Amino acid sequence: MTTAATFRIEYQQFLDERGHALAPLPAFATDPAALIPFYEAMVLMRTYDAKAIALQRTGQLGTYASLLGKEAVDAGIGYAMRPEDVFLCTYRDNGVQMLRGVTMRELLLYWGGDERGSDFAGPRRDFPVSITIASQCLHAVGVAYAMKLRKQARVAVCMVGDGATSKGDFYESINAAGAWKLPVVFFVTNNQWAISVPRSTQSAAETLAQKAIAAGIPGVQVDGNDVIAVHHAVQEAMMLARKGDGPTLIEAVTYRLADHTTADDASRYRPPEEVAEAWKREPLLRLRNFLSNAGVWDKTHEEELLRSCNSEVQAAAQAYIDTPPPPPEQMFDQLYAAPAAAQAAQHAALLEHVKNHGTNHAG
Amino acid sequence: MAQITLVEAVNLALARAMNDDPEVVVLGEDVGRDGGVFRATLGLLDTFGPERVVDTPLAENLIAGMSIGMAAEGLKPVCEIQFSGFSYTTIDQIVNHAARMRHRTRGRLSCPMVLRTPCGAGIHPPEHHSESPDAMFAHIPGIRVVYPSSPRRAYGLLLAAIRDPDPVVFLEPTRLYRLFKEEVVDDGVALPLDTCFTLREGTDVTLVTWGAMVYETLQVADELSAQGVSCEVIDVATLKIMDFDTILASVARTGRCVIVTEAPHHCSVASEIAATLADQGLLTLLAPVVRVTAADIIVPLPRLERHYLPDRAQILAAIRKTLEFA
């Protein structure tokens, strides 16, 4: 027998858990001060996240999926993308959306149960949150196909979780993107848990990055708690995509520090020791240590940042709370480009009912 | 003026749309060099090139899903699912994304795509090639479902579907692909969506049908005409959003209605039409509304196929039944 092909999956990490550099840093990180915006964004994400959960717990927001522990992933990606790129996300990627220019008020509107939250003013071509797992991978293929057809130097960035890599949508997408060499980056946030199902029982694959091999595209694994590693990998992948060298699959190894959503109770299926252990590797701590060690960050900076994040998040939450609920007409508007004459009577009847009787349903 | 088949009319409309609008792209399995298994995309590759006539990997869900991505970026994808029995894997993408992209983004993004698929029984194919999923698609808010029944309507309605700013599922009656020819003028003129076509005017009974069953229904109307029974024949054509006004107005004149479809009986499009007549046309009816449908069974393999499809005798019997009521 001879060897038909051999493959290797590389793992990249620059900062250890205490924020010490393990390897020569990439160019963008050689000046530590250049990483301050990353840290600031990550703290803002965490502040927003805590506020969203508090709003949900006090009955002011619908079910919410926490991004706790994923801040390095979101900052690393958000700062690698250009405005003209297209972001296709899951429900746990609000941090990237924030960096793309979606306002926290808009994000909260969405979680608060209002479609207007997906009509964000910032990145107009970005996709709304995809709730159905991995379904957005297929859209990313189409978006990237359109970019390539038009010979544009744009890139589609598509997020999935570890659970999504079990789905056909994911496989079909990386396969087609490879076949056509499309400008798309598939990013797997491996937070170890698909709700209650651990990574170990989701797949026999040693890494999720190696799923790229079957599609004939590059696959790389990075430390998802190390913003330098994430940003570096995404930058490289986007550069390849932008110059016509096709897609990349990036797996970021991190940990879901929160419940799956506010409707979940993770203590039912995972031991507290595991979560406590994961907290030691969390992304903010190591970047803060790195910046402190480099002498570009101190307690005063930290206090000032927390103050400004709190006030920014508070203002966004208030703006969300102060937004009047959508009028019932919203249910019918935008169903089709033009209202369908044949449905006019049905629509009018429901609106008339709402006007005269409100509703006797609770909530 | 060319006499052409229905599948040639589909081909003609695709070529016309691609010629008129550079944003139109055709994608699917074997749509390129092979020209599609039914040859609906024949010649498009040579004329418009492989970037706009895209042979996809063999993955229906991908075909539907990537069409949504293309559409959001402003292209006008016309995708082909090789047989409607293979369209079931696309339903996640149609329901959860295509149908609601405009609505859930308040019009920021939209989904001007067409999903074409051959539909219905009667060509003696293998399993899963004879399905009638029209009611499944017609149940989905936010899309249109169009089902032409002649070369001319295939041409005009496909052009309309491609130009429509919202997603359209375009079902093509496989049995009629090459059954007869009709003169089609390649003038780029679309036919209206959301509109029934009254193919024959009559005074005694309204026959409502769509897709391949239009063919047999017209034959029965001819037969009855010789016997002095005047049938009005309506081709629904757009199953969603449906033009009930034309059907209600016709039944108000004739007082009788027979609905003909080859799809299974339960929860079919025929059920919806019958229910609407009960809601809004009951006082104009002289006889019960009768539905001629397939039974609630799995489409059989070809040896029994001819017993599955409603035939002229069944349509005739249903009409006779409604005529018994004075």
# chains A, B, ... in the order shown; residues from 1 in each chain; ligands from 1

call {"tool": "interface_residues", "arguments": {"of": "chain B", "to": "chain A", "cutoff": "10 Å", "atoms": "only C-alpha atoms", "output": "PyMOL selection string"}}
result
chain B and resi 23+25+51-52+56-75+77+92-93+96-97+99-112+141-144+164-167+194-195+240-245

call {"tool": "residues_around", "arguments": {"residues": "segment 282-294 of chain B", "least_positions_apart": "3", "cutoff": "9 Å", "atoms": "only C-alpha atoms", "output": "NGL selection string"}}
result
:B and (248 or 251-265 or 268 or 270-271 or 274 or 276-279 or 297 or 299 or 308-310 or 314-315 or 318-319 or 321-326)

call {"tool": "residues_around", "arguments": {"residues": "Gln202 of chain A", "least_positions_apart": "3", "cutoff": "8 Å", "atoms": "only C-alpha atoms", "output": "list in words"}}
result
Gly163, Ser166, Val197, Pro198 and Arg199 of chain A

call {"tool": "select_by_dssp", "arguments": {"residues": "segment 122-268 of chain B", "states": "strand (DSSP E or B)", "output": "PyMOL selection string"}}
result
chain B and resi 144-146+168-173+182-184+197-200+205-209+231-235+238-240+257-264

call {"tool": "closest_residue", "arguments": {"among": "B:Ile298, B:Gln280, B:Leu12, B:Glu182", "to": "His128 of chain B", "atoms": "only C-alpha atoms"}}
result
B:Ile298

call {"tool": "atom_distance", "arguments": {"atom1": "atom CA of Arg286 of chain A", "atom2": "atom CA of Arg18 of chain A"}}
result
5.2 Å

call {"tool": "closest_residue", "arguments": {"among": "B:Leu193, B:Cys231, B:Cys119, B:Val10", "to": "Gly85 of chain B", "atoms": "only C-alpha atoms"}}
result
B:Cys119

call {"tool": "atom_distance", "arguments": {"atom1": "atom CA of His353 of chain A", "atom2": "atom CA of Asp322 of chain A"}}
result
26.2 Å

call {"tool": "residues_around", "arguments": {"residues": "Pro173 of chain B", "least_positions_apart": "3", "cutoff": "7 Å", "atoms": "only C-alpha atoms", "output": "ChimeraX atom specification"}}
result
/B:118-120,149,176-177,211-212

call {"tool": "write_last_selection", "arguments": {"atoms": "N, CA and C atoms", "output": "short mmCIF file (atom, residue, chain, number, x, y, z; two decimals), in the first residue's frame"}}
result
data_model
loop_
_atom_site.label_atom_id
_atom_site.label_comp_id
_atom_site.auth_asym_id
_atom_site.auth_seq_id
_atom_site.Cartn_x
_atom_site.Cartn_y
_atom_site.Cartn_z
N PRO B 118 -39.63 20.05 -11.76
CA PRO B 118 -40.66 19.27 -12.45
C PRO B 118 -41.57 18.62 -11.42
N CYS B 119 -42.83 18.52 -11.73
CA CYS B 119 -43.80 18.14 -10.71
C CYS B 119 -44.87 17.22 -11.28
N GLY B 120 -45.28 16.27 -10.47
CA GLY B 120 -46.43 15.44 -10.83
C GLY B 120 -46.07 14.09 -11.42
N SER B 149 -49.56 25.42 -17.18
CA SER B 149 -50.18 24.22 -17.77
C SER B 149 -50.12 24.21 -19.30
N LEU B 176 -46.64 17.21 -19.01
CA LEU B 176 -46.94 18.07 -20.17
C LEU B 176 -45.68 18.58 -20.88
N TYR B 177 -44.51 18.27 -20.33
CA TYR B 177 -43.27 18.82 -20.90
C TYR B 177 -43.22 18.69 -22.43
N GLY B 211 -51.85 22.82 -13.36
CA GLY B 211 -50.83 21.84 -13.70
C GLY B 211 -51.30 20.90 -14.80
N ALA B 212 -50.79 19.67 -14.75
CA ALA B 212 -51.06 18.74 -15.85
C ALA B 212 -52.53 18.37 -15.99
#

call {"tool": "select_by_dssp", "arguments": {"residues": "segment 86-324 of chain B", "states": "alpha helix (DSSP H)", "output": "VMD selection string"}}
result
chain B and resid 91 to 93 101 to 104 134 to 138 151 to 163 213 to 226 244 to 254 269 to 280 302 to 308 312 to 323

call {"tool": "atom_distance", "arguments": {"atom1": "atom CA of Thr203 of chain B", "atom2": "atom CA of Ser150 of chain B"}}
result
23.8 Å

call {"tool": "residues_around", "arguments": {"residues": "Ala161 of chain B", "least_positions_apart": "2", "cutoff": "8 Å", "atoms": "only C-alpha atoms", "output": "ChimeraX atom specification"}}
result
/B:114,146,157-159,163-164,168,170,193

call {"tool": "closest_residue", "arguments": {"among": "B:Asp186, B:Pro148, B:Ser225, B:Ile123", "to": "Trp210 of chain B", "atoms": "only C-alpha atoms"}}
result
B:Pro148
